[in-house]
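Novice: Pasting a structure below so you can have a look.
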Amino acid sequence: MKEKAKLVSSYQVFCSFIERDEDTGKVDVSKVFSTACYDYWVKTRKTEPKKPHESFRRCLTAHTRGSDGRKPFDEDAEAKILEVLRQKKRWPCFEKHDVSIGVQGFKALGYHETQRKNDCNEVQSCRDQPEELKKTKRASKAKHKVKSQKSDLKVDMEIDTLYPSAPFQKRAKLNSFTKEDLLNDLFSTVKTTDL
């Protein structure tokens, strides 16, 4: 049976592998991506994950984004972790494993990046944003799609005003009839000999 370590939160595991230089205050997060950190994280889980590699990735990225109710990393540690996550190469802790985690890079924003972006959007004059916060291809495509839908809607509205739809034409025709017109139409088909 596998020996279990004391239950420790994921955040505590990751923070125990983040080192700070006391003199300069610089952060070193390279050990978070080490095999030792991965192994320790797996040992401290209450039940062993069915897909430990994927669970480790999901947990680390969730802490980086501050999502799923996870406690986010400090801002300087987050920035360094994001540098490693955004590289399009396999994470060092998975070099000896048959997984491709990290190969596609990490495109999402970190917790503190999102906060800065939201603050900039509220102020509406934040020109000195970091490059990561500028529009992604996906965002620009979505914006273009919305613009084209708006222009299509304007064209549709113009066409509808020029050529009313069939139900609208029928309704307008019915509303324009008077009682006399209806009686004339009704009795125009009746022959006088029928009376």
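So you can find residues: chains in the structure tokens are A, B, ... in the order shown, residues in each start at 1, and ligands are numbered from 1 in order.
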Could you pull out the alpha helix (DSSP H) residues of range 33-135 of chain A from DSSP and send them as a ChimeraX atom specification?
Specialist: /A:35-43,52-65,75-85,111-123
Novice: Nearest residue to Phe33 in chain A out of A:Val99, A:Leu7, A:Leu183, A:Leu85, using only C-alpha atoms?
Specialist: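 Result for the nearest residue to Phe33 in chain A: A:Leu85.
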Novice: Distance CA of Cys59 in chain A-CA of Tyr11 in chain A, one decimal place?
Specialist: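 Going from CA of Cys59 in chain A over to CA of Tyr11 in chain A, I get 8.9 Å.
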Novice: Leaving out Glu78 in chain A and any residue of its chain fewer than 3 positions from it, which residues lie within 9 Å of it when counting only C-alpha atoms, given as a compact mmCIF listing (two decimals) with C-alpha atoms, in the first residue's frame?
Specialist:
# COMPACT_ATOMS: atom_id res chain seq x y z
CA HIS A 63 -4.23 28.69 -8.77
CA THR A 64 -2.54 30.86 -11.38
CA ARG A 65 -5.91 32.14 -12.62
CA PRO A 72 -4.13 32.90 -6.36
CA PHE A 73 -0.35 33.17 -6.16
CA ASP A 74 1.37 36.42 -5.22
CA GLU A 75 1.65 38.78 -8.17
CA ILE A 81 4.86 30.93 -13.33
CA LEU A 82 3.03 32.37 -16.36
CA GLU A 83 6.37 32.80 -18.16
CA GLY A 110 -3.46 35.10 -14.66
CA TYR A 111 -5.48 36.35 -11.70
CA HIS A 112 -3.52 39.60 -11.26
Novice: Which residues are close to range 12-17 of chain A, i.e. within 9 Å by only C-alpha atoms, leaving aside same-chain residues fewer than 4 positions away? Reply as a PyMOL selection string.
Specialist: chain A and resi 8+28-34+37+40-41+44+60+73
